[in-house]
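Have a look at entry_33.tsv; it's TSV, C-alpha atoms:
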```
chain	number	residue	atom	x	y	z
A	1	TYR	CA	-2.25	24.09	11.57
A	2	GLY	CA	-2.76	20.42	10.80
A	3	ALA	CA	-6.54	20.67	10.48
A	4	PRO	CA	-8.01	20.84	6.97
A	5	ARG	CA	-9.29	24.37	7.58
A	6	ASP	CA	-5.70	25.63	7.71
A	7	LEU	CA	-4.60	24.08	4.43
A	8	HIS	CA	-4.79	25.57	0.96
A	9	PRO	CA	-5.77	22.70	-1.35
A	10	PHE	CA	-5.14	22.45	-5.05
A	11	PRO	CA	-8.17	22.16	-7.33
A	12	PRO	CA	-8.21	18.76	-9.06
A	13	ARG	CA	-8.14	18.62	-12.83
A	14	ARG	CA	-11.35	18.05	-14.72
A	15	SER	CA	-11.61	15.96	-17.87
A	16	SER	CA	-12.94	18.98	-19.76
A	17	ASP	CA	-9.67	20.80	-19.08
A	18	LEU	CA	-7.39	18.16	-20.54
A	19	THR	CA	-7.58	19.16	-24.19
A	20	GLY	CA	-6.49	22.15	-26.16
A	21	GLY	CA	-3.95	24.85	-25.47
A	22	PRO	CA	-3.46	28.55	-25.99
A	23	ALA	CA	-4.53	30.05	-29.26
A	24	ALA	CA	-1.73	30.86	-31.64
A	25	GLY	CA	0.00	34.04	-30.53
A	26	ALA	CA	-2.30	34.35	-27.51
A	27	THR	CA	0.08	33.81	-24.62
A	28	PRO	CA	-1.55	35.61	-21.68
A	29	SER	CA	1.71	36.45	-19.92
A	30	GLY	CA	2.84	38.59	-22.82
A	31	GLY	CA	6.12	37.97	-24.60
A	32	ALA	CA	6.71	34.71	-22.78
A	33	GLY	CA	7.24	32.90	-26.05
A	34	GLY	CA	10.80	34.21	-26.08
A	35	ALA	CA	11.61	32.97	-22.60
A	36	THR	CA	15.07	31.47	-22.33
A	37	ALA	CA	15.42	28.12	-20.61
A	38	THR	CA	17.62	28.07	-17.55
A	39	GLN	CA	18.53	24.55	-16.54
A	40	GLY	CA	18.39	24.09	-12.79
A	41	ALA	CA	19.85	21.33	-10.64
A	42	GLY	CA	17.43	19.56	-8.34
A	43	PRO	CA	18.26	17.86	-5.03
A	44	ASN	CA	20.95	15.20	-5.13
A	45	ARG	CA	21.95	16.07	-8.67
A	46	THR	CA	25.59	16.51	-9.63
A	47	PRO	CA	27.10	17.76	-12.89
A	48	GLY	CA	27.81	15.01	-15.36
A	49	THR	CA	31.02	14.51	-17.31
A	50	GLY	CA	31.29	15.08	-21.02
A	51	ALA	CA	30.96	12.28	-23.52
A	52	GLY	CA	34.13	13.07	-25.53
A	53	GLY	CA	37.14	10.76	-25.98
A	54	GLN	CA	39.29	12.80	-23.60
A	55	ASP	CA	36.81	12.30	-20.76
A	56	THR	CA	36.68	8.58	-21.51
A	57	ALA	CA	40.47	8.30	-21.48
A	58	GLN	CA	40.74	10.21	-18.23
A	59	THR	CA	38.13	7.95	-16.66
A	60	ALA	CA	40.10	4.89	-17.71
A	61	GLN	CA	43.29	6.34	-16.21
A	62	ASN	CA	41.54	7.09	-12.93
A	63	ALA	CA	40.08	3.59	-12.79
A	64	GLN	CA	43.55	2.08	-13.37
A	65	ALA	CA	45.04	4.27	-10.66
A	66	ARG	CA	42.48	2.97	-8.19
A	67	GLN	CA	43.35	-0.71	-8.72
A	68	PRO	CA	44.39	-2.42	-5.43
A	69	GLU	CA	47.95	-3.42	-4.80
A	70	PRO	CA	48.78	-7.11	-5.37
A	71	GLY	CA	47.77	-9.20	-2.38
A	72	THR	CA	45.26	-6.70	-1.08
A	73	THR	CA	41.46	-6.86	-1.20
A	74	ALA	CA	39.60	-4.30	-3.22
A	75	PRO	CA	37.06	-2.32	-1.20
A	76	ALA	CA	33.43	-3.19	-1.81
A	77	PRO	CA	31.75	-0.80	-4.24
A	78	ALA	CA	29.56	1.83	-2.63
A	79	THR	CA	25.86	1.06	-2.68
A	80	THR	CA	23.88	3.69	-4.53
A	81	THR	CA	20.16	4.24	-4.26
A	82	THR	CA	17.88	6.32	-6.40
A	83	ASP	CA	15.44	8.58	-4.60
A	84	PRO	CA	12.29	8.74	-6.76
A	85	ASN	CA	11.32	12.04	-5.17
A	86	ALA	CA	14.71	13.53	-6.03
A	87	ALA	CA	14.17	12.49	-9.64
A	88	ARG	CA	10.64	13.91	-9.53
A	89	TRP	CA	11.92	17.22	-8.16
A	90	ALA	CA	14.61	17.39	-10.86
A	91	THR	CA	11.90	17.09	-13.52
A	92	ILE	CA	9.70	19.66	-11.79
A	93	GLU	CA	12.56	22.12	-11.52
A	94	ARG	CA	13.63	21.60	-15.13
A	95	LEU	CA	10.11	22.39	-16.34
A	96	LEU	CA	9.70	25.41	-14.10
A	97	ASN	CA	12.93	26.89	-15.34
A	98	ARG	CA	11.38	27.02	-18.81
A	99	SER	CA	8.95	29.68	-17.56
A	100	THR	CA	9.44	33.12	-16.03
A	101	VAL	CA	6.45	32.40	-13.76
A	102	GLY	CA	8.02	29.10	-12.73
A	103	GLN	CA	11.39	30.72	-12.10
A	104	ALA	CA	9.74	33.29	-9.84
A	105	ALA	CA	8.07	30.49	-7.87
A	106	LEU	CA	11.40	28.71	-7.44
A	107	ARG	CA	13.08	31.91	-6.28
A	108	TYR	CA	10.38	32.46	-3.66
A	109	LYS	CA	10.77	28.88	-2.44
A	110	ARG	CA	14.47	29.51	-1.85
A	111	GLN	CA	13.98	32.95	-0.31
A	112	ARG	CA	11.31	31.80	2.14
A	113	ASN	CA	12.70	28.30	2.65
A	114	VAL	CA	9.37	26.69	1.74
A	115	GLY	CA	9.53	22.93	2.27
A	116	VAL	CA	8.27	20.36	-0.22
A	117	THR	CA	7.06	16.93	0.88
A	118	TYR	CA	5.40	14.12	-1.03
A	119	ALA	CA	2.46	11.86	-0.29
A	120	SER	CA	0.28	9.50	-2.29
A	121	GLY	CA	-3.42	10.14	-2.75
A	122	THR	CA	-3.71	13.05	-0.32
A	123	GLY	CA	-4.23	15.82	-2.83
A	124	SER	CA	-1.78	18.71	-2.99
A	125	PHE	CA	-1.87	21.60	-0.53
A	126	TYR	CA	0.14	24.30	1.23
A	127	ASN	CA	0.33	24.32	5.04
A	128	PRO	CA	1.12	27.82	6.41
A	129	GLY	CA	1.81	26.41	9.86
A	130	SER	CA	4.83	24.43	8.69
A	131	ASN	CA	5.56	26.66	5.68
A	132	SER	CA	5.55	23.59	3.46
A	133	MET	CA	3.58	22.14	0.61
A	134	THR	CA	2.66	18.53	-0.03
A	135	LEU	CA	2.66	17.30	-3.62
A	136	ASP	CA	0.55	14.27	-4.47
A	137	THR	CA	2.72	11.61	-6.11
A	138	THR	CA	-0.25	10.06	-7.89
A	139	GLU	CA	-0.03	12.90	-10.39
A	140	SER	CA	2.75	13.22	-12.94
A	141	ALA	CA	5.83	15.34	-12.32
A	142	GLU	CA	4.54	17.57	-15.12
A	143	SER	CA	1.31	18.16	-13.23
A	144	SER	CA	3.25	18.66	-9.99
A	145	ALA	CA	5.24	21.47	-11.61
A	146	LEU	CA	2.02	23.37	-12.31
A	147	THR	CA	0.67	22.48	-8.86
A	148	PHE	CA	3.88	23.87	-7.35
A	149	VAL	CA	3.22	27.25	-8.98
A	150	HIS	CA	-0.32	27.32	-7.59
A	151	GLU	CA	0.72	26.34	-4.07
A	152	MET	CA	3.66	28.74	-4.06
A	153	ASN	CA	1.13	31.50	-4.65
A	154	HIS	CA	-0.51	30.48	-1.35
A	155	ALA	CA	2.91	30.53	0.30
A	156	ARG	CA	3.54	34.04	-1.04
A	157	TYR	CA	0.16	35.30	0.17
A	158	ALA	CA	0.80	33.82	3.62
A	159	GLY	CA	4.37	35.09	3.78
A	160	GLU	CA	3.40	38.61	2.75
A	161	GLY	CA	0.35	38.74	5.02
A	162	ARG	CA	-2.05	39.06	2.08
A	163	SER	CA	-4.27	36.07	2.83
A	164	ALA	CA	-7.79	36.91	4.00
A	165	ASP	CA	-7.87	37.21	7.80
A	166	ILE	CA	-10.25	34.57	9.11
A	167	GLN	CA	-10.55	36.27	12.50
A	168	ARG	CA	-11.12	39.86	11.43
A	169	LEU	CA	-13.19	39.56	8.28
A	170	SER	CA	-16.86	38.69	7.95
A	171	ARG	CA	-17.65	35.24	6.62
A	172	ALA	CA	-18.58	36.55	3.18
A	173	ARG	CA	-15.50	38.73	2.86
A	174	TYR	CA	-13.21	35.96	4.08
A	175	VAL	CA	-14.59	33.44	1.58
A	176	ASP	CA	-14.38	35.99	-1.25
A	177	GLY	CA	-10.79	36.83	-0.35
A	178	MET	CA	-9.78	33.18	-0.34
A	179	LEU	CA	-11.49	32.58	-3.69
A	180	ASN	CA	-9.52	35.49	-5.15
A	181	GLU	CA	-6.33	33.88	-3.85
A	182	GLU	CA	-7.30	30.58	-5.49
A	183	VAL	CA	-8.02	32.33	-8.79
A	184	GLU	CA	-4.61	33.98	-8.74
A	185	GLY	CA	-2.92	30.62	-8.18
A	186	CYS	CA	-4.83	29.08	-11.09
A	187	VAL	CA	-3.93	31.95	-13.42
A	188	LEU	CA	-0.24	31.63	-12.54
A	189	ALA	CA	-0.30	27.86	-13.18
A	190	ILE	CA	-1.95	28.43	-16.56
A	191	GLU	CA	0.53	31.13	-17.51
A	192	ALA	CA	3.42	28.88	-16.44
A	193	LYS	CA	2.16	26.09	-18.71
A	194	TRP	CA	1.69	28.41	-21.68
A	195	GLU	CA	5.19	29.82	-21.22
A	196	ILE	CA	6.71	26.32	-21.02
A	197	VAL	CA	4.91	25.31	-24.22
A	198	ALA	CA	5.95	28.55	-25.95
A	199	ALA	CA	9.56	27.83	-24.97
A	200	GLY	CA	9.39	24.57	-26.94
A	201	THR	CA	8.60	21.98	-24.27
A	202	PRO	CA	5.33	20.07	-24.81
A	203	VAL	CA	3.05	19.85	-21.76
A	204	THR	CA	0.24	17.33	-22.05
A	205	ASP	CA	-1.31	17.93	-18.63
A	206	SER	CA	-3.58	20.86	-18.00
A	207	PRO	CA	-3.92	23.13	-14.97
A	208	PRO	CA	-7.41	23.23	-13.43
A	209	LEU	CA	-9.89	25.35	-15.40
A	210	GLU	CA	-7.39	26.09	-18.15
A	211	GLN	CA	-10.05	25.81	-20.83
A	212	VAL	CA	-12.46	28.02	-18.87
A	213	TYR	CA	-9.76	30.69	-18.75
A	214	LYS	CA	-8.75	30.18	-22.39
A	215	ARG	CA	-12.29	30.44	-23.77
A	216	ALA	CA	-12.89	33.75	-21.99
A	217	TYR	CA	-9.44	35.00	-23.00
A	218	ASP	CA	-9.89	34.04	-26.65
A	219	ARG	CA	-13.36	35.60	-26.84
A	220	ALA	CA	-11.95	38.88	-25.56
A	221	ILE	CA	-9.10	38.81	-28.05
A	222	ALA	CA	-11.56	38.04	-30.87
A	223	ALA	CA	-13.56	41.06	-29.75
A	224	GLN	CA	-10.40	43.15	-30.19
A	225	ARG	CA	-9.90	43.69	-26.47
A	226	THR	CA	-6.41	44.37	-25.16
A	227	GLN	CA	-4.37	41.56	-23.69
A	228	ALA	CA	-4.87	43.03	-20.22
A	229	GLN	CA	-8.62	43.03	-20.77
A	230	ALA	CA	-8.48	39.45	-22.09
A	231	LYS	CA	-6.60	38.32	-19.01
A	232	GLU	CA	-9.14	40.03	-16.78
A	233	ALA	CA	-11.93	38.26	-18.68
A	234	GLY	CA	-10.16	34.98	-17.97
A	235	ARG	CA	-9.87	35.79	-14.29
A	236	THR	CA	-13.55	36.67	-14.09
A	237	ALA	CA	-14.44	33.33	-15.69
A	238	LEU	CA	-12.30	31.49	-13.14
A	239	LYS	CA	-13.84	33.41	-10.25
A	240	ASN	CA	-17.31	32.49	-11.50
A	241	ALA	CA	-16.28	28.82	-11.68
A	242	PHE	CA	-15.02	28.87	-8.10
A	243	THR	CA	-18.04	30.79	-6.82
A	244	SER	CA	-20.53	28.47	-8.52
A	245	GLY	CA	-18.93	25.35	-7.05
A	246	THR	CA	-17.79	24.04	-10.44
A	247	VAL	CA	-14.41	23.17	-8.97
A	248	THR	CA	-13.78	21.28	-5.73
A	249	THR	CA	-10.83	20.85	-3.40
A	250	SER	CA	-8.40	17.98	-3.95
A	251	ASN	CA	-8.29	16.97	-0.27
A	252	THR	CA	-11.89	17.25	0.99
A	253	HIS	CA	-13.75	17.35	-2.37
A	254	GLU	CA	-15.94	20.23	-1.19
A	255	SER	CA	-16.74	23.28	-3.29
A	256	TYR	CA	-14.46	26.16	-2.38
A	257	PRO	CA	-17.21	28.42	-0.95
A	258	VAL	CA	-18.25	25.53	1.30
A	259	TYR	CA	-14.64	24.66	2.18
A	260	TYR	CA	-13.69	28.18	3.24
A	261	GLY	CA	-17.11	28.91	4.71
A	262	ASN	CA	-16.80	25.87	6.95
A	263	ALA	CA	-13.32	27.01	7.94
A	264	TRP	CA	-14.73	30.39	9.02
A	265	ASP	CA	-17.52	28.70	10.94
A	266	ARG	CA	-15.08	26.54	12.88
A	267	ALA	CA	-12.86	29.51	13.67
A	268	HIS	CA	-15.84	31.43	15.08
A	269	ARG	CA	-17.69	28.53	16.71
A	270	SER	CA	-16.75	29.70	20.21
A	271	GLY	CA	-18.35	33.12	19.62
A	272	GLY	CA	-17.12	36.49	18.56
A	273	GLY	CA	-17.90	35.92	14.88
A	274	LYS	CA	-19.16	38.61	12.56
```
For the structure just supplied, provide its representation as structure tokens.
Amino acid sequence: YGAPRDLHPFPPRRSSDLTGGPAAGATPSGGAGGATATQGAGPNRTPGTGAGGQDTAQTAQNAQARQPEPGTTAPAPATTTTDPNAARWATIERLLNRSTVGQAALRYKRQRNVGVTYASGTGSFYNPGSNSMTLDTTESAESSALTFVHEMNHARYAGEGRSADIQRLSRARYVDGMLNEEVEGCVLAIEAKWEIVAAGTPVTDSPPLEQVYKRAYDRAIAAQRTQAQAKEAGRTALKNAFTSGTVTTSNTHESYPVYYGNAWDRAHRSGGGK
């Protein structure tokens, strides 16, 4: 599963997607503006003590109690190190807990024991063989939170057996199925961002194709379509962007039809293809 054909890459952001946000009152997930923040603890995080005078006094008493006896040598203080990835994960988790979509992604990570690793400049992707995702550290923790939602969608599809079957489906049906999976991941990342913003936390980064989705969504709302119809219009716009090659993979920089088409070709190179 280490070959590129087995990975599910994250679409890179485009400059045209880095401005703007949801229209006022037009949160596609419906009612997410009232989402309640649930603060989560990331790896290697421990609860802090309060800042009141009583805590300070107790700390002073504890420090005095630990003073060495006369004539003895005080033990060397423990060396502490800060893991930048632990700090990154804490930020990612804090942001995701501001969104119902993000919370669902975190729950699935715990339920399926999906691993998270970090690398620089590799792009972000989910590997079904190791049941783990790699997050690119060249992007901000804010961007990684939205990437996490997208990649966890791939993990869910793989875990539930919903990913297009590369062996049983025709090339066209396989590619179409994988594009639908990519679209779903993009929609979830966009909804997560909009929920986080609606909950009062600014998000400056943008998920891939956010503005493509938003323009189609807003046009449908302006035409007095229902929210469900507006969301479907957004999905259709995203599918068209993937199908046309507007968006490319973050690891191989191919269009998605080419990326998944090549994967099918390799899987059927020895014969038996459809």
Shortest contact to Glu151 (chain A), candidates A:Ser124, A:Ser255, A:Gln103, A:Thr201, atoms counted all atoms listed in the file, goes to A:Ser124
Distance in Å - CA of Thr204 (chain A) versus CA of Glu191 (chain A):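 Rounded to one decimal, the two atoms are 14.5 Å apart.
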Selected residue of minimal separation from Ala192 (chain A) among A:Arg98, A:Arg110, A:Arg88, A:Arg162, counting all atoms listed in the file: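 Among the listed residues, the smallest separation from Ala192 (chain A) belongs to A:Arg98.
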Between CA of Leu238 (chain A) and CA of Phe125 (chain A), distance in Å (one decimal):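 Computing it gives 19.1 Å between the two atoms.
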Quick one: of A:Ala228, A:Val114, A:Ala198, A:Ala237, who's nearest to Arg215 (chain A), counting all atoms listed in the file?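 Nearest candidate to Arg215 (chain A) out of A:Ala228, A:Val114, A:Ala198, A:Ala237: A:Ala237.
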Between CA of Ala87 (chain A) and CA of Thr252 (chain A), what is the distance, to one decimal in Å? 28.5 Å
Between A:Ser130, A:Glu139, A:Leu179, A:Leu146, which is the closest to Tyr118 (chain A) once you count all atoms listed in the file? A:Glu139
Smallest atom-to-atom distance to Thr91 (chain A): which of A:Ala141, A:Leu169, A:Leu188, A:Ala241, using all atoms listed in the file?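 Among the listed residues, the smallest separation from Thr91 (chain A) belongs to A:Ala141.
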Name the residues in contact with Ile166 (chain A) at a cut-off of 9 Å, using only C-alpha atoms, excluding same-chain residues fewer than 4 positions from it; report them as a list of chain:residue names.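 Result of the neighbour search: A:Ser170, A:Arg171, A:Tyr174, A:Val175, A:Ala263, A:Trp264, A:Ala267, A:His268.
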Go through A:Ser244, A:Asn251, A:Arg266, A:Asp205 one by one, measure the shortest atom-to-atom distance of each to Ala119 (chain A) using all atoms listed in the file, and give the residue with the smallest value. A:Asn251
Could you pull the residues within 10 Å of Gly102 (chain A), counting all atoms listed in the file, minus those fewer than 3 positions along the same chain, as a VMD selection string? chain A and resid 92 to 99 105 to 108 145 to 146 148 to 150 152 188 to 189 191 to 193 195 to 196
